[in-house]
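Raw structure.txt, compact mmCIF, C-alpha atoms:
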```txt
# COMPACT_ATOMS: atom_id res chain seq x y z
CA LYS X 1 0.00 0.00 0.00
CA LEU X 2 2.87 2.39 0.83
CA ALA X 3 4.63 1.64 -2.46
CA HIS X 4 1.45 2.62 -4.30
CA HIS X 5 1.74 6.16 -2.92
CA ILE X 6 5.44 6.74 -3.54
CA GLY X 7 5.76 9.79 -5.79
CA THR X 8 2.38 11.18 -4.80
CA VAL X 9 2.37 14.75 -3.53
CA LEU X 10 -0.28 15.45 -0.91
CA GLY X 11 -2.21 18.70 -1.09
CA THR X 12 -1.36 21.48 -3.54
CA GLN X 13 0.37 20.11 -6.62
CA PRO X 14 3.91 21.17 -7.71
CA ASP X 15 2.62 22.87 -10.86
CA ALA X 16 0.81 25.43 -8.70
CA ILE X 17 4.13 26.31 -7.05
CA ASP X 18 5.77 26.74 -10.46
CA LEU X 19 2.84 28.84 -11.65
CA CYS X 20 3.37 31.27 -8.76
CA GLU X 21 7.15 31.46 -9.21
CA ASP X 22 7.25 31.74 -13.00
CA ARG X 23 6.71 35.46 -13.70
CA LYS X 24 5.13 34.93 -17.13
CA ARG X 25 2.69 32.26 -15.95
CA PHE X 26 1.86 34.20 -12.79
CA GLY X 27 1.20 37.39 -14.75
CA GLU X 28 -1.10 35.53 -17.10
CA LEU X 29 -2.98 34.06 -14.12
CA LEU X 30 -3.60 37.48 -12.55
CA ALA X 31 -4.58 38.95 -15.91
CA GLU X 32 -7.08 36.12 -16.37
CA LEU X 33 -8.56 36.90 -12.94
CA ASP X 34 -8.41 40.68 -13.56
CA ILE X 35 -6.32 41.19 -10.41
CA PRO X 36 -3.68 43.96 -10.48
CA GLN X 37 -0.02 43.53 -9.60
CA PRO X 38 2.85 46.05 -9.58
CA GLU X 39 4.38 46.44 -13.02
CA GLY X 40 7.40 44.17 -13.32
CA ALA X 41 9.65 42.06 -15.51
CA THR X 42 12.39 39.45 -15.29
CA ALA X 43 16.11 39.39 -15.98
CA ARG X 44 18.85 36.77 -15.85
CA THR X 45 21.92 39.00 -15.88
CA VAL X 46 22.96 42.29 -14.28
CA PRO X 47 22.88 44.18 -17.62
CA GLU X 48 19.35 42.87 -18.30
CA ALA X 49 18.32 43.95 -14.80
CA MET X 50 19.65 47.45 -15.52
CA GLN X 51 17.59 47.68 -18.70
CA VAL X 52 14.44 46.51 -16.93
CA ALA X 53 14.94 48.95 -14.04
CA GLU X 54 15.44 51.89 -16.40
CA ARG X 55 12.19 50.98 -18.15
CA LEU X 56 10.19 50.51 -14.92
CA GLY X 57 11.73 53.54 -13.22
CA PHE X 58 13.44 53.61 -9.83
CA PRO X 59 12.90 52.57 -7.11
CA VAL X 60 12.54 48.87 -7.97
CA LEU X 61 12.10 45.81 -5.77
CA VAL X 62 14.60 43.11 -6.74
CA ARG X 63 14.41 39.45 -5.68
CA PRO X 64 15.33 36.01 -7.01
CA SER X 65 12.62 33.54 -7.99
CA TYR X 66 12.27 30.08 -6.41
CA VAL X 67 13.90 31.05 -3.08
CA LEU X 68 12.50 31.17 0.45
CA GLY X 69 12.84 33.69 3.23
CA GLY X 70 13.44 36.85 1.23
CA ARG X 71 17.03 35.88 0.44
CA ALA X 72 18.83 38.50 -1.71
CA MET X 73 15.77 40.80 -1.81
CA ALA X 74 16.39 44.54 -1.88
CA ILE X 75 14.81 47.89 -2.71
CA CYS X 76 17.07 49.69 -5.19
CA TYR X 77 16.67 53.43 -5.44
CA ASP X 78 19.22 54.09 -8.22
CA ARG X 79 21.70 52.42 -10.58
CA SER X 80 24.42 52.13 -7.96
CA ASP X 81 22.03 50.30 -5.60
CA LEU X 82 21.05 47.92 -8.38
CA GLU X 83 24.66 47.26 -9.40
CA ARG X 84 25.46 46.40 -5.79
CA PHE X 85 22.51 44.07 -5.17
CA ALA X 86 21.79 42.55 -8.60
CA ALA X 87 24.91 40.37 -8.69
CA GLU X 88 24.00 38.81 -5.33
CA ALA X 89 20.41 38.27 -6.48
CA VAL X 90 21.49 36.71 -9.79
CA ALA X 91 23.74 34.29 -7.89
CA ALA X 92 20.91 33.38 -5.47
CA ALA X 93 18.55 32.80 -8.40
CA ASP X 94 20.74 29.86 -9.52
CA ASN X 95 20.18 30.38 -13.26
CA LYS X 96 16.51 31.12 -12.76
CA ALA X 97 14.89 34.49 -13.43
CA LEU X 98 15.47 37.56 -11.31
CA LEU X 99 12.22 39.40 -10.49
CA LEU X 100 12.06 43.19 -10.70
CA ASP X 101 8.94 45.13 -9.69
CA ARG X 102 8.12 48.81 -9.66
CA TYR X 103 8.29 49.67 -5.96
CA LEU X 104 5.06 51.07 -4.55
CA ALA X 105 6.45 53.79 -2.30
CA GLY X 106 4.47 54.44 0.87
CA ALA X 107 2.13 51.47 0.34
CA LYS X 108 0.78 49.35 3.18
CA GLU X 109 1.68 45.67 3.06
CA VAL X 110 -0.74 42.93 4.04
CA ASP X 111 -0.22 39.20 4.69
CA VAL X 112 -3.12 36.77 4.36
CA ASP X 113 -3.09 33.14 5.45
CA ALA X 114 -5.96 31.03 4.18
CA LEU X 115 -7.17 27.43 3.96
CA CYS X 116 -8.53 25.86 0.78
CA ASP X 117 -9.77 22.38 -0.06
CA GLY X 118 -10.05 23.02 -3.79
CA ASP X 119 -13.72 24.01 -3.55
CA GLU X 120 -13.94 26.36 -0.56
CA VAL X 121 -11.65 28.97 0.98
CA VAL X 122 -11.49 30.01 4.64
CA ILE X 123 -9.58 33.18 5.49
CA GLY X 124 -7.40 32.47 8.51
CA GLY X 125 -6.28 36.05 9.10
CA VAL X 126 -5.52 39.39 7.44
CA ILE X 127 -2.36 40.90 8.95
CA GLU X 128 -1.47 44.54 8.31
CA HIS X 129 2.26 45.20 8.46
CA ILE X 130 3.43 48.03 10.68
CA GLU X 131 6.34 48.87 8.35
CA GLU X 132 5.63 50.05 4.81
CA ALA X 133 5.62 47.61 1.91
CA GLY X 134 9.06 46.37 0.90
CA ILE X 135 10.29 45.40 4.38
CA HIS X 136 10.39 41.61 4.27
CA SER X 137 7.55 39.99 6.20
CA GLY X 138 10.05 38.12 8.36
CA ASP X 139 11.52 41.43 9.52
CA SER X 140 8.30 43.39 9.99
CA ALA X 141 5.75 43.67 12.76
CA GLY X 142 2.09 43.03 12.01
CA VAL X 143 -1.32 43.56 13.55
CA LEU X 144 -4.41 41.36 13.38
CA PRO X 145 -7.11 42.44 12.74
CA PRO X 146 -5.81 45.17 10.39
CA ALA X 147 -5.70 48.55 12.12
CA THR X 148 -5.98 51.13 9.35
CA LEU X 149 -7.34 49.33 6.28
CA ALA X 150 -10.77 50.38 5.06
CA ALA X 151 -13.52 47.75 5.12
CA ALA X 152 -13.67 47.87 1.31
CA GLU X 153 -9.92 47.19 1.08
CA VAL X 154 -10.21 44.17 3.39
CA LYS X 155 -13.16 42.87 1.37
CA THR X 156 -11.15 43.18 -1.86
CA ILE X 157 -8.17 41.40 -0.28
CA GLU X 158 -10.37 38.53 0.86
CA ASP X 159 -12.05 38.33 -2.55
CA TYR X 160 -8.70 38.19 -4.37
CA THR X 161 -7.48 35.52 -1.93
CA ARG X 162 -10.47 33.28 -2.57
CA ARG X 163 -10.30 33.64 -6.35
CA ILE X 164 -6.55 32.99 -6.53
CA ALA X 165 -6.63 29.96 -4.18
CA LEU X 166 -9.47 28.32 -6.11
CA ARG X 167 -7.87 29.02 -9.49
CA LEU X 168 -4.58 27.49 -8.31
CA GLY X 169 -6.34 24.45 -6.89
CA VAL X 170 -4.79 24.94 -3.45
CA VAL X 171 -5.37 22.02 -1.09
CA GLY X 172 -4.08 23.07 2.33
CA LEU X 173 -2.57 26.44 3.25
CA VAL X 174 -1.83 29.44 1.04
CA ASN X 175 -0.15 32.75 1.90
CA ILE X 176 -0.68 35.86 -0.22
CA GLN X 177 1.07 39.19 0.22
CA PHE X 178 -0.65 42.38 -0.91
CA ALA X 179 0.23 46.05 -1.17
CA VAL X 180 -2.41 48.75 -0.72
CA GLN X 181 -1.66 52.19 -2.17
CA ASP X 182 -4.24 54.97 -2.38
CA GLY X 183 -7.12 52.50 -2.03
CA GLN X 184 -5.80 50.22 -4.81
CA VAL X 185 -5.02 46.62 -3.84
CA TYR X 186 -2.12 44.90 -5.62
CA VAL X 187 -0.93 41.30 -5.34
CA ILE X 188 2.80 41.14 -4.56
CA GLU X 189 3.24 37.37 -4.45
CA VAL X 190 1.42 34.12 -3.79
CA ASN X 191 2.93 31.25 -1.80
CA PRO X 192 0.83 28.06 -2.10
CA ARG X 193 2.18 26.68 1.17
CA ALA X 194 2.38 27.37 4.89
CA SER X 195 4.05 30.63 5.93
CA ARG X 196 5.89 31.98 8.98
CA THR X 197 2.74 33.85 10.04
CA VAL X 198 0.58 30.71 10.35
CA PRO X 199 1.53 30.00 14.01
CA PHE X 200 0.85 33.64 14.92
CA VAL X 201 -2.56 33.63 13.20
CA ALA X 202 -3.51 30.30 14.77
CA LYS X 203 -2.63 31.52 18.27
CA ALA X 204 -4.30 34.89 17.76
CA THR X 205 -7.59 33.46 16.47
CA GLY X 206 -7.72 30.08 18.19
CA VAL X 207 -8.32 28.34 14.85
CA PRO X 208 -6.01 25.27 14.48
CA LEU X 209 -4.85 26.12 10.96
CA VAL X 210 -2.13 23.47 10.75
CA LYS X 211 -4.37 20.65 11.98
CA VAL X 212 -7.11 21.64 9.54
CA ALA X 213 -4.67 22.04 6.64
CA SER X 214 -3.09 18.64 7.34
CA ARG X 215 -6.45 16.89 7.33
CA VAL X 216 -7.50 18.72 4.16
CA MET X 217 -4.28 17.55 2.49
CA LEU X 218 -5.23 14.00 3.48
CA GLY X 219 -8.59 14.28 1.72
CA GLU X 220 -11.13 15.77 4.12
CA THR X 221 -13.14 18.85 3.15
CA LEU X 222 -13.50 22.07 5.10
CA ALA X 223 -17.23 21.40 5.35
CA GLU X 224 -16.60 18.00 6.94
CA LEU X 225 -14.08 19.43 9.38
CA ARG X 226 -16.52 22.21 10.27
CA ASP X 227 -19.29 19.69 10.88
CA ASN X 228 -17.18 17.51 13.18
CA GLY X 229 -15.90 20.48 15.19
CA VAL X 230 -12.24 20.50 14.08
CA LEU X 231 -12.73 23.78 12.21
CA ASN X 232 -14.37 26.35 14.47
CA GLU X 233 -14.23 29.67 12.65
CA LYS X 234 -14.50 32.92 14.57
CA THR X 235 -15.93 35.86 12.67
CA THR X 236 -14.55 38.48 15.05
CA SER X 237 -11.53 38.54 17.31
CA PRO X 238 -12.07 39.60 20.95
CA HIS X 239 -8.65 41.23 21.04
CA ILE X 240 -5.89 42.83 18.96
CA SER X 241 -2.78 40.71 18.35
CA VAL X 242 0.61 42.06 17.32
CA LYS X 243 3.48 40.08 15.82
CA GLU X 244 7.02 41.39 16.23
CA ALA X 245 10.15 40.05 14.58
CA VAL X 246 12.60 38.40 17.00
```
Let's see the structure in the file written out as structure tokens.
Amino acid sequence: KLAHHIGTVLGTQPDAIDLCEDRKRFGELLAELDIPQPEGATARTVPEAMQVAERLGFPVLVRPSYVLGGRAMAICYDRSDLERFAAEAVAAADNKALLLDRYLAGAKEVDVDALCDGDEVVIGGVIEHIEEAGIHSGDSAGVLPPATLAAAEVKTIEDYTRRIALRLGVVGLVNIQFAVQDGQVYVIEVNPRASRTVPFVAKATGVPLVKVASRVMLGETLAELRDNGVLNEKTTSPHISVKEAV
């Protein structure tokens, strides 16, 4: 019986991960869903990165694709910044594309952790970063529920999260990072996996996100887990929770 399952990936399938990391495929996905993202492009060499940055206009957010933890990510405000950081980012990208985005100066950044069983999405939490967008989520503080976002902005963020998770076919956890600038919500990136904020959200809300996600990955639905009491959603939090980087 075990041999029968060797090679099987539980939960979200590898192609969904590639779709989120491949800039061309990801851009096509968001265009299909009519969801905005900051203008961006890819490069594989430092000279290509220079050309892209000149076209987008400084400042630009530079990061490698297919890496975890914000490694070699930087905000570059001019050519000298880009020359200094691009070589490190190209090396970290390991022959994969370097991602360059127009930096949304002064924008608010938002982290969302959600559960999906392929047919239904449950929003675990919407975390508003204390620092402005561009500070890596591992280095920033965050507040749940969001402190300064308008109700319409939160509704849009939750709507985008549901549509993206269902389109990707997420089975388990998904993390999406947004930027909000002048009332406009942009998708920064989608991670079809657990994130560093999941333990914080689970403790803050009392919803056992990891237990639910694990059982969803093993074939149960959110509806079934809700019916048997494993998933007990809370529509409002009785308190404000703050996450600080340590």
Taking all atoms listed in the file into account, name the residue in X:Gly118, X:Gly142, X:Pro36, X:Gly11 that is nearest to Ala179 in chain X.
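Among the listed residues, the smallest separation from Ala179 in chain X belongs to X:Pro36.
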Write out as a PyMOL selection string each polymer residue whose atoms come within 7 Å of range 39-53 of chain X, counting all atoms listed in the file; drop sequence neighbours fewer than 4 positions from it.
chain X and resi 57-58+60+86-87+90+96-102
With distances taken over only C-alpha atoms, which residue among X:Gly138, X:Gly27, X:Gly169, X:Pro146 lies nearest Arg196 in chain X?
X:Gly138
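The two atoms in question, CA of Glu132 in chain X and CA of Gln37 in chain X, are spaced 16.8 Å apart.
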Selected residue, from X:Ile127, X:Ala31, X:Val171, X:Glu153, that lies nearest to Val216 in chain X when counting all atoms listed in the file
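Comparing X:Ile127, X:Ala31, X:Val171, X:Glu153 against Val216 in chain X, the winner is X:Val171.
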What does the distance from CA of His136 in chain X to CA of Val187 in chain X come to in Å, to one decimal?
14.9 Å
Which one of X:Glu244, X:Glu88, X:Glu83, X:Glu189 sits closest to Pro64 in chain X if you count only C-alpha atoms?
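When distances to Pro64 in chain X are compared using only C-alpha atoms, the smallest one comes from X:Glu88.
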Taking all atoms listed in the file into account, produce a table as a Markdown table in which each residue of range 128-232 of chain X with an atom at most 6 Å from an atom of range 103-117 of chain X appears once, together with its shortest atom pair and the distance in Å to one decimal, ordered by chain and rising number.
```
| residue | atom | partner | partner_atom | distance |
| --- | --- | --- | --- | --- |
| X:Glu128 | CA | X:Val110 | CA | 4.6 |
| X:His129 | CA | X:Glu109 | CA | 5.5 |
| X:Glu132 | CA | X:Lys108 | CA | 5.2 |
| X:Ala133 | CA | X:Glu109 | CA | 4.5 |
| X:Val170 | CA | X:Cys116 | CA | 5.7 |
| X:Val171 | CA | X:Asp117 | CA | 4.5 |
| X:Gly172 | CA | X:Cys116 | CA | 5.5 |
| X:Leu173 | CA | X:Leu115 | CA | 4.8 |
| X:Val174 | CA | X:Ala114 | CA | 5.4 |
| X:Asn175 | CA | X:Asp113 | CA | 4.6 |
| X:Ile176 | CA | X:Val112 | CA | 5.3 |
| X:Gln177 | CA | X:Asp111 | CA | 4.7 |
| X:Phe178 | CA | X:Val110 | CA | 5.0 |
| X:Ala179 | CA | X:Glu109 | CA | 4.5 |
| X:Val180 | CA | X:Lys108 | CA | 5.1 |
| X:Gln181 | CA | X:Ala107 | CA | 4.6 |
| X:Thr221 | CA | X:Asp117 | CA | 5.8 |
```
Write to file, as a PDB file, keeping the file's coordinate frame, the residues of the selection just made, with C-alpha atoms.
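So out.pdb came out as:
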```pdb
ATOM      1  CA  GLU X 128      -1.470  44.540   8.310  1.00  0.00           C
ATOM      2  CA  HIS X 129       2.260  45.200   8.460  1.00  0.00           C
ATOM      3  CA  GLU X 132       5.630  50.050   4.810  1.00  0.00           C
ATOM      4  CA  ALA X 133       5.620  47.610   1.910  1.00  0.00           C
ATOM      5  CA  VAL X 170      -4.790  24.940  -3.450  1.00  0.00           C
ATOM      6  CA  VAL X 171      -5.370  22.020  -1.090  1.00  0.00           C
ATOM      7  CA  GLY X 172      -4.080  23.070   2.330  1.00  0.00           C
ATOM      8  CA  LEU X 173      -2.570  26.440   3.250  1.00  0.00           C
ATOM      9  CA  VAL X 174      -1.830  29.440   1.040  1.00  0.00           C
ATOM     10  CA  ASN X 175      -0.150  32.750   1.900  1.00  0.00           C
ATOM     11  CA  ILE X 176      -0.680  35.860  -0.220  1.00  0.00           C
ATOM     12  CA  GLN X 177       1.070  39.190   0.220  1.00  0.00           C
ATOM     13  CA  PHE X 178      -0.650  42.380  -0.910  1.00  0.00           C
ATOM     14  CA  ALA X 179       0.230  46.050  -1.170  1.00  0.00           C
ATOM     15  CA  VAL X 180      -2.410  48.750  -0.720  1.00  0.00           C
ATOM     16  CA  GLN X 181      -1.660  52.190  -2.170  1.00  0.00           C
ATOM     17  CA  THR X 221     -13.140  18.850   3.150  1.00  0.00           C
TER      18      THR X 221
END
```
In Å to one decimal, how far is CA of Ser214 in chain X from CA of Leu168 in chain X?
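We find that CA of Leu168 in chain X and CA of Ser214 in chain X lie 18.0 Å from each other.
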Step by step: start from the point (10.1, 43.8, 1.3) in the file's coordinates, keep every protein, DNA or RNA residue that has an atom no farther than 10 Å from it, count all atoms listed in the file, and write the set as a count of residues only.
20
Set the distance at 8 Å and use all atoms listed in the file: which residues neighbour Thr205 in chain X once local chain neighbours fewer than 2 positions away are removed? I'd like the list as a PDB file with C-alpha atoms, in the coordinates of the input.
```pdb
ATOM      1  CA  GLY X 125      -6.280  36.050   9.100  1.00  0.00           C
ATOM      2  CA  VAL X 201      -2.560  33.630  13.200  1.00  0.00           C
ATOM      3  CA  ALA X 202      -3.510  30.300  14.770  1.00  0.00           C
ATOM      4  CA  LYS X 203      -2.630  31.520  18.270  1.00  0.00           C
ATOM      5  CA  VAL X 207      -8.320  28.340  14.850  1.00  0.00           C
ATOM      6  CA  LYS X 234     -14.500  32.920  14.570  1.00  0.00           C
ATOM      7  CA  SER X 237     -11.530  38.540  17.310  1.00  0.00           C
TER       8      SER X 237
END
```
Hey, what's within 9 Å of Pro199 in chain X if we count only C-alpha atoms and toss same-chain stuff fewer than 4 positions away? As a PyMOL selection string, please?
chain X and resi 195+203-204+208-210
Give as number ranges by chain every residue, naming chains and numbers as the document does, that has an atom within 10 Å of (9.4, 37.0, 18.6), counting only C-alpha atoms.
X: 141, 200, 243-246
Only C-alpha atoms, please: the residues just picked out, written as a PDB file, keeping the file's coordinate frame.
```
ATOM      1  CA  ALA X 141       5.750  43.670  12.760  1.00  0.00           C
ATOM      2  CA  PHE X 200       0.850  33.640  14.920  1.00  0.00           C
ATOM      3  CA  LYS X 243       3.480  40.080  15.820  1.00  0.00           C
ATOM      4  CA  GLU X 244       7.020  41.390  16.230  1.00  0.00           C
ATOM      5  CA  ALA X 245      10.150  40.050  14.580  1.00  0.00           C
ATOM      6  CA  VAL X 246      12.600  38.400  17.000  1.00  0.00           C
TER       7      VAL X 246
END
```
Take range 110-126 of chain X, bring it up to N, CA, C and O atoms, and give me the output as a PDB file, in the frame of the given file.
```
ATOM      1  N   VAL X 110       0.223  43.785   3.344  1.00  0.00           N
ATOM      2  CA  VAL X 110      -0.740  42.930   4.040  1.00  0.00           C
ATOM      3  C   VAL X 110      -0.396  41.466   3.756  1.00  0.00           C
ATOM      4  O   VAL X 110      -0.117  41.095   2.611  1.00  0.00           O
ATOM      5  N   ASP X 111      -0.401  40.650   4.800  1.00  0.00           N
ATOM      6  CA  ASP X 111      -0.220  39.200   4.690  1.00  0.00           C
ATOM      7  C   ASP X 111      -1.552  38.519   4.958  1.00  0.00           C
ATOM      8  O   ASP X 111      -2.236  38.853   5.936  1.00  0.00           O
ATOM      9  N   VAL X 112      -1.908  37.555   4.123  1.00  0.00           N
ATOM     10  CA  VAL X 112      -3.120  36.770   4.360  1.00  0.00           C
ATOM     11  C   VAL X 112      -2.758  35.292   4.374  1.00  0.00           C
ATOM     12  O   VAL X 112      -2.061  34.804   3.477  1.00  0.00           O
ATOM     13  N   ASP X 113      -3.205  34.588   5.400  1.00  0.00           N
ATOM     14  CA  ASP X 113      -3.090  33.140   5.450  1.00  0.00           C
ATOM     15  C   ASP X 113      -4.496  32.563   5.322  1.00  0.00           C
ATOM     16  O   ASP X 113      -5.429  33.013   6.010  1.00  0.00           O
ATOM     17  N   ALA X 114      -4.639  31.588   4.438  1.00  0.00           N
ATOM     18  CA  ALA X 114      -5.960  31.030   4.180  1.00  0.00           C
ATOM     19  C   ALA X 114      -5.880  29.517   4.000  1.00  0.00           C
ATOM     20  O   ALA X 114      -4.816  28.961   3.696  1.00  0.00           O
ATOM     21  N   LEU X 115      -7.013  28.863   4.183  1.00  0.00           N
ATOM     22  CA  LEU X 115      -7.170  27.430   3.960  1.00  0.00           C
ATOM     23  C   LEU X 115      -8.035  27.215   2.728  1.00  0.00           C
ATOM     24  O   LEU X 115      -9.001  27.959   2.500  1.00  0.00           O
ATOM     25  N   CYS X 116      -7.716  26.180   1.952  1.00  0.00           N
ATOM     26  CA  CYS X 116      -8.530  25.860   0.780  1.00  0.00           C
ATOM     27  C   CYS X 116      -8.529  24.354   0.585  1.00  0.00           C
ATOM     28  O   CYS X 116      -7.502  23.698   0.782  1.00  0.00           O
ATOM     29  N   ASP X 117      -9.682  23.817   0.230  1.00  0.00           N
ATOM     30  CA  ASP X 117      -9.770  22.380  -0.060  1.00  0.00           C
ATOM     31  C   ASP X 117     -10.016  22.116  -1.546  1.00  0.00           C
ATOM     32  O   ASP X 117     -10.378  21.007  -1.937  1.00  0.00           O
ATOM     33  N   GLY X 118      -9.810  23.140  -2.359  1.00  0.00           N
ATOM     34  CA  GLY X 118     -10.050  23.020  -3.790  1.00  0.00           C
ATOM     35  C   GLY X 118     -11.415  23.513  -4.203  1.00  0.00           C
ATOM     36  O   GLY X 118     -11.623  23.871  -5.369  1.00  0.00           O
ATOM     37  N   ASP X 119     -12.356  23.555  -3.253  1.00  0.00           N
ATOM     38  CA  ASP X 119     -13.720  24.010  -3.550  1.00  0.00           C
ATOM     39  C   ASP X 119     -14.169  25.165  -2.670  1.00  0.00           C
ATOM     40  O   ASP X 119     -15.074  25.905  -3.036  1.00  0.00           O
ATOM     41  N   GLU X 120     -13.550  25.318  -1.499  1.00  0.00           N
ATOM     42  CA  GLU X 120     -13.940  26.360  -0.560  1.00  0.00           C
ATOM     43  C   GLU X 120     -12.689  26.982   0.049  1.00  0.00           C
ATOM     44  O   GLU X 120     -11.667  26.309   0.212  1.00  0.00           O
ATOM     45  N   VAL X 121     -12.779  28.262   0.369  1.00  0.00           N
ATOM     46  CA  VAL X 121     -11.650  28.970   0.980  1.00  0.00           C
ATOM     47  C   VAL X 121     -12.098  29.559   2.316  1.00  0.00           C
ATOM     48  O   VAL X 121     -13.177  30.149   2.416  1.00  0.00           O
ATOM     49  N   VAL X 122     -11.274  29.396   3.338  1.00  0.00           N
ATOM     50  CA  VAL X 122     -11.490  30.010   4.640  1.00  0.00           C
ATOM     51  C   VAL X 122     -10.319  30.948   4.917  1.00  0.00           C
ATOM     52  O   VAL X 122      -9.158  30.528   4.879  1.00  0.00           O
ATOM     53  N   ILE X 123     -10.616  32.211   5.169  1.00  0.00           N
ATOM     54  CA  ILE X 123      -9.580  33.180   5.490  1.00  0.00           C
ATOM     55  C   ILE X 123      -9.162  32.998   6.939  1.00  0.00           C
ATOM     56  O   ILE X 123      -9.973  33.149   7.857  1.00  0.00           O
ATOM     57  N   GLY X 124      -7.885  32.658   7.153  1.00  0.00           N
ATOM     58  CA  GLY X 124      -7.400  32.470   8.510  1.00  0.00           C
ATOM     59  C   GLY X 124      -7.178  33.804   9.213  1.00  0.00           C
ATOM     60  O   GLY X 124      -7.577  33.991  10.359  1.00  0.00           O
ATOM     61  N   GLY X 125      -6.545  34.743   8.511  1.00  0.00           N
ATOM     62  CA  GLY X 125      -6.280  36.050   9.100  1.00  0.00           C
ATOM     63  C   GLY X 125      -5.726  37.019   8.075  1.00  0.00           C
ATOM     64  O   GLY X 125      -5.047  36.625   7.125  1.00  0.00           O
ATOM     65  N   VAL X 126      -6.048  38.301   8.268  1.00  0.00           N
ATOM     66  CA  VAL X 126      -5.520  39.390   7.440  1.00  0.00           C
ATOM     67  C   VAL X 126      -4.631  40.235   8.340  1.00  0.00           C
ATOM     68  O   VAL X 126      -5.113  40.880   9.269  1.00  0.00           O
TER      69      VAL X 126
END
```
